[in-house]
Amino acid sequence: MKKHFLLFALSFLYLCGYAQYPLQTVSALQNVSNPNLTNCVDSSFYKGDTVRVRGVVVMDAKVGSVDNAQIANGRNLWLQTNGGGLWSGIDIINFGAATAPTDMLTLVAGDSIEVTGVIDEFNGESEVLVLPTGNYVTLLGSGHSVVPYYTTINQLNDASRNNQLTTGEALEGAYVEFRNVTVSAVSYFSSNTRVSFDITDGSGGKINVSDRFLCQRMSNASPNPGTYTAPTVGDVIDTLRGIIIHSINNCPGTNGRGYEIHPFKASDIVFGAQAPTISNIQRTPITPTSSQTATITATVVANGGNTLTSVVLNYAVGVGTSTYTQVTMTNTSGSTWSGVIPAQANTSFVKYYLTATDNASLTSNVPAVPANNNPIFYIVDDNGTSIYDIQYTPYSDGNSGLRDLTVTVTGVVTATANDLGYVFIQQENKTAWAGIMCIGTGLSTVTQGQKITVTGTVKEDFGMTRLENISSVTQAGTGMIAPLQLKDTTFTTYNYTGNESYEGMLVTILPVSGPKLKVVDWNCDNSITPTTNFGEYRLGSDTLAPNTGTRVLAGRQSTSAFSSLNVSYVNDLIWQTTDGTMNATPYVVTTGLPFDSVSGIIYYSFSNLKLLPRNNSDFFGGPLARTSVIENANLNVYPNPAQNQVTLQWENNAGIDAYQIMDISGRVLISNVVDSTAGMEKISLDKLSSGLYLLSVQQGDARQVIRLQVTR
């Protein structure tokens, strides 16, 4: 009797250990009540819980020997239950090594599995993070059917690609099908090696077709080039299928991309009639002066055996102008067509797009301006192309009007390969749209303060405008860039109107309130799960408001993280040898760590603008600051704030040697030696504008720095 009881007890304990996490359905994990969705709450009720879930794998984990999904190690799949439909799909992710007892990389469409993981959320997308160690992925069967759910685009997004939570959330993670859709915009990115496009279906909605899976890899992709050919605006797609992924964008404080659809096999996209193809749009000159016309050329071809009947250049002058003038383009040779925009006044904003029509009345517009896509544009500039001309845009996508064009511009070096690791230059006498990142040859020896002229191609790298393929670098003298003094709240969230203009520029972050800037969040990305750490911390004024302030990135250099290895202040010791080897001794920040100010370059990545300090000297007043207090001097500075003059006073036997007035970045603006026995020095401030400055007083090897406010 005792033996049977012991066996029963052991069996019970084993089963309890194996099933220690509850089994939940996909529908239970995904379903969100309509009142919550109406109030912009789309999180799973089980967020943060560890559960078991079962379902049918929708796509193959590998195509040949290549991981299908574009994610670390490729272990990213979607499950479907109940034959598809509402609340039927969910994202399964494992960031680590092979899963057991079944490796996710061996799974194919139709396999049924059970996984154990934490219910997480990323940008509004619910997902299951598979537990990293143990037997948490089990194959239950195979050969099940995978069926898409037919729907219309307006169930997911409106005409501006804003997500419709109350009707769209039920399709998050689901395998869906659209029919008879039209390509309304095509967007190349990542140096033209990747492409996504927008589609409409007559329902009043618009959705982006994205390239998470291998079926949309083009021939120039690296790694794993494919055979995919990008569509053209106006193309009709008879059937389009894919997984619905969510990036929330229609709620307060969110700026994602709405619901997107991701095809995962070639048969998911079935093209119908193809409109004419318009490509290789060029402009000569790139930046016309007020006395120059602009010649626009393009390659235009008809498809499907059709012939072109017209190619039209549509242009307008002025950001707000909605009426376009039409210019009939001429066929100059082969498939090349040309049209001319007349000369316009200096500083004019000129925008344009091309229209091609064939004998089947199929029409394409590039860009798709009638479908609310932004036109190509330029600014007439009698002084030639400037960084401002590259960066300025009135459109919220932030893309340059000179995108993919080769330009020559001049700017002052604000960051070098020796401090930040990448070169940034900035146009003098501009307070917005004036900084840009440079990548190419001939930049390794430039120094801060040098004025250089560079030739390169304007590119958009996941939203960051930069000059790539630099082929020429010449010195053009020296210059001076004073960092813009901005409050920490300027960069709390990305906002085109409020902060896009600072991309690539040198700035100094100051507290919006109180005397000190503080670390208010030591890890900006761990609010969802404690294991997420991308090296970013936040500087703000209030430690009780950890989501308010400026993100800072340091200690990482990789293909997706462009920051300095010469900055000590990092959020984790792992960055000492991860994503590059740090050149500075790491100092791990903690919540509440104070600074007077922090300077650096503003960089855009992963939907956020963030500060990239160049080295430790960009941090003023922190624990590593080399500032000593001068003893027995009784230093006094008055008045403070000051207008036109300030008085520095000390004990006449204190041995004061000199003083300097610097801006917040440490750039010396005023410098002078003093008569140490005088006890007083009156300093003219006529050359300084309103703002915060640093008065540095020297006594031998010691110095004391005093904050000086100049008010006009």
# chains A, B, ... in the order shown; residues from 1 in each chain; ligands from 1
$ closest_atom_pairs --of "segment 99-159 of chain A" --to "segment 58-66 of chain A" --cutoff "10 Å" --atoms "only C-alpha atoms" --output "Markdown table"
| residue | atom | partner | partner_atom | distance |
| --- | --- | --- | --- | --- |
| A:Asp103 | CA | A:Ala61 | CA | 9.9 |
| A:Met104 | CA | A:Ala61 | CA | 7.0 |
| A:Leu105 | CA | A:Ala61 | CA | 5.2 |
| A:Thr106 | CA | A:Ala61 | CA | 6.5 |
| A:Leu107 | CA | A:Ala61 | CA | 5.6 |
| A:Val108 | CA | A:Asp60 | CA | 3.9 |
| A:Ala109 | CA | A:Met59 | CA | 4.4 |
| A:Gly110 | CA | A:Val58 | CA | 6.4 |
| A:Asp111 | CA | A:Val58 | CA | 8.1 |
| A:Ser112 | CA | A:Val58 | CA | 9.5 |
| A:His144 | CA | A:Val58 | CA | 9.6 |
| A:Ser145 | CA | A:Val58 | CA | 8.9 |
| A:Val146 | CA | A:Val58 | CA | 6.1 |
| A:Val147 | CA | A:Val58 | CA | 8.7 |
| A:Pro148 | CA | A:Val58 | CA | 9.5 |
$ write_last_selection --atoms "N, CA and C atoms" --output "mmCIF file, in the first residue's frame"
data_model
loop_
_atom_site.group_PDB
_atom_site.id
_atom_site.type_symbol
_atom_site.label_atom_id
_atom_site.label_comp_id
_atom_site.auth_asym_id
_atom_site.auth_seq_id
_atom_site.Cartn_x
_atom_site.Cartn_y
_atom_site.Cartn_z
ATOM 1 N N ASP A 103 13.498 22.001 -31.851
ATOM 2 C CA ASP A 103 14.077 23.280 -32.243
ATOM 3 C C ASP A 103 13.097 23.988 -33.171
ATOM 4 N N MET A 104 12.783 25.235 -32.867
ATOM 5 C CA MET A 104 11.833 25.993 -33.683
ATOM 6 C C MET A 104 12.277 26.096 -35.138
ATOM 7 N N LEU A 105 13.586 26.017 -35.384
ATOM 8 C CA LEU A 105 14.083 26.135 -36.756
ATOM 9 C C LEU A 105 13.754 24.916 -37.616
ATOM 10 N N THR A 106 13.288 23.845 -37.001
ATOM 11 C CA THR A 106 12.938 22.641 -37.767
ATOM 12 C C THR A 106 11.454 22.597 -38.122
ATOM 13 N N LEU A 107 10.690 23.554 -37.632
ATOM 14 C CA LEU A 107 9.242 23.518 -37.827
ATOM 15 C C LEU A 107 8.851 23.992 -39.221
ATOM 16 N N VAL A 108 7.744 23.424 -39.729
ATOM 17 C CA VAL A 108 7.217 23.812 -41.037
ATOM 18 C C VAL A 108 5.725 24.096 -40.891
ATOM 19 N N ALA A 109 5.181 24.759 -41.897
ATOM 20 C CA ALA A 109 3.759 25.074 -41.885
ATOM 21 C C ALA A 109 2.934 23.805 -41.710
ATOM 22 N N GLY A 110 1.962 23.853 -40.823
ATOM 23 C CA GLY A 110 1.103 22.702 -40.558
ATOM 24 C C GLY A 110 1.491 21.906 -39.341
ATOM 25 N N ASP A 111 2.682 22.149 -38.783
ATOM 26 C CA ASP A 111 3.060 21.479 -37.533
ATOM 27 C C ASP A 111 2.227 22.055 -36.383
ATOM 28 N N SER A 112 1.772 21.185 -35.495
ATOM 29 C CA SER A 112 1.117 21.647 -34.273
ATOM 30 C C SER A 112 2.104 21.509 -33.117
ATOM 31 N N HIS A 144 -1.357 19.742 -40.638
ATOM 32 C CA HIS A 144 -2.608 20.483 -40.500
ATOM 33 C C HIS A 144 -2.709 21.558 -41.582
ATOM 34 N N SER A 145 -3.927 21.887 -41.967
ATOM 35 C CA SER A 145 -4.129 22.911 -42.993
ATOM 36 C C SER A 145 -3.946 24.306 -42.384
ATOM 37 N N VAL A 146 -3.457 25.217 -43.229
ATOM 38 C CA VAL A 146 -3.281 26.616 -42.833
ATOM 39 C C VAL A 146 -4.073 27.456 -43.819
ATOM 40 N N VAL A 147 -5.125 28.104 -43.328
ATOM 41 C CA VAL A 147 -6.061 28.817 -44.191
ATOM 42 C C VAL A 147 -6.078 30.295 -43.823
ATOM 43 N N PRO A 148 -5.957 31.211 -44.826
ATOM 44 C CA PRO A 148 -6.034 32.640 -44.517
ATOM 45 C C PRO A 148 -7.481 33.082 -44.296
#
$ closest_atom_pairs --of "segment 130-172 of chain A" --to "segment 368-381 of chain A" --cutoff "12 Å" --atoms "only C-alpha atoms" --output "Markdown table"
| residue | atom | partner | partner_atom | distance |
| --- | --- | --- | --- | --- |
| A:Ala159 | CA | A:Asn372 | CA | 8.9 |
| A:Ser160 | CA | A:Asn372 | CA | 8.2 |
| A:Arg161 | CA | A:Asn372 | CA | 10.9 |
$ write_last_selection --atoms "C-alpha atoms" --output "short mmCIF file (atom, residue, chain, number, x, y, z; two decimals), in the first residue's frame"
data_model
loop_
_atom_site.label_atom_id
_atom_site.label_comp_id
_atom_site.auth_asym_id
_atom_site.auth_seq_id
_atom_site.Cartn_x
_atom_site.Cartn_y
_atom_site.Cartn_z
CA ALA A 159 -6.81 56.01 -45.24
CA SER A 160 -3.81 57.48 -43.37
CA ARG A 161 -2.63 54.08 -42.08
#
$ closest_residue --among "A:Ile113, A:Cys438, A:Leu609, A:Leu624" --to "Pro586 of chain A" --atoms "only C-alpha atoms"
A:Leu624
$ residues_around --residues "segment 397-399 of chain A" --least-positions-apart "3" --cutoff "8 Å" --atoms "only C-alpha atoms" --output "mmCIF file with C-alpha atoms, in the first residue's frame"
data_model
loop_
_atom_site.group_PDB
_atom_site.id
_atom_site.type_symbol
_atom_site.label_atom_id
_atom_site.label_comp_id
_atom_site.auth_asym_id
_atom_site.auth_seq_id
_atom_site.Cartn_x
_atom_site.Cartn_y
_atom_site.Cartn_z
ATOM 1 C CA GLN A 391 17.572 67.798 -44.259
ATOM 2 C CA THR A 393 11.257 68.590 -45.230
ATOM 3 C CA PRO A 394 7.726 69.791 -44.506
ATOM 4 C CA ARG A 403 17.096 61.232 -51.438
ATOM 5 C CA GLU A 460 17.543 57.256 -45.653
ATOM 6 C CA GLY A 463 14.396 57.096 -40.927
ATOM 7 C CA THR A 465 18.994 60.903 -43.216
ATOM 8 C CA TYR A 496 8.102 65.577 -36.463
ATOM 9 C CA GLU A 500 12.775 66.192 -36.392
#
$ residues_around --residues "segment 666-672 of chain A" --least-positions-apart "3" --cutoff "9 Å" --atoms "only C-alpha atoms" --output "PyMOL selection string"
chain A and resi 482+617-618+620+657-663+685+687-688+693-694
$ closest_atom_pairs --of "segment 334-384 of chain A" --to "segment 263-275 of chain A" --cutoff "8 Å" --atoms "only C-alpha atoms" --output "tab-separated table"
residue	atom	partner	partner_atom	distance
A:Thr357	CA	A:Ala275	CA	7.5
A:Asp358	CA	A:Ala275	CA	7.4
A:Leu362	CA	A:Ala275	CA	5.0
A:Thr363	CA	A:Ala275	CA	5.6
A:Ser364	CA	A:Ala275	CA	5.7
$ closest_atom_pairs --of "segment 342-452 of chain A" --to "segment 548-567 of chain A" --cutoff "8 Å" --atoms "only C-alpha atoms" --output "Markdown table"
| residue | atom | partner | partner_atom | distance |
| --- | --- | --- | --- | --- |
| A:Asp419 | CA | A:Asn566 | CA | 6.3 |
| A:Leu420 | CA | A:Ser564 | CA | 4.3 |
| A:Gly421 | CA | A:Ser564 | CA | 5.8 |
| A:Tyr422 | CA | A:Phe562 | CA | 7.6 |
$ write_last_selection --atoms "C-alpha atoms" --output "PDB file, in the first residue's frame"
ATOM      1  CA  ASP A 419      35.416  60.424 -30.495  1.00  0.00           C
ATOM      2  CA  LEU A 420      31.925  59.327 -31.534  1.00  0.00           C
ATOM      3  CA  GLY A 421      33.180  56.786 -34.039  1.00  0.00           C
ATOM      4  CA  TYR A 422      31.250  58.351 -36.904  1.00  0.00           C
TER       5      TYR A 422
END
$ closest_residue --among "A:Pro342, A:Pro639, A:Gly304, A:Pro35" --to "Leu708 of chain A" --atoms "only C-alpha atoms"
A:Pro639
$ closest_residue --among "A:Asp596, A:Glu536, A:Glu468, A:Asp42" --to "Ile509 of chain A" --atoms "only C-alpha atoms"
A:Asp596
$ residues_around --residues "Thr295 of chain A" --least-positions-apart "4" --cutoff "8 Å" --atoms "only C-alpha atoms" --output "list in words"
Arg283, Thr284, Pro285, Ser338, Gly339, Val340 and Ile341 of chain A
$ atom_distance --atom1 "atom CA of Thr309 of chain A" --atom2 "atom CA of Lys206 of chain A"
28.7 Å
$ select_by_dssp --residues "segment 391-516 of chain A" --states "helix (DSSP H, G or I)" --output "ChimeraX atom specification"
/A:391,488-491,496-502
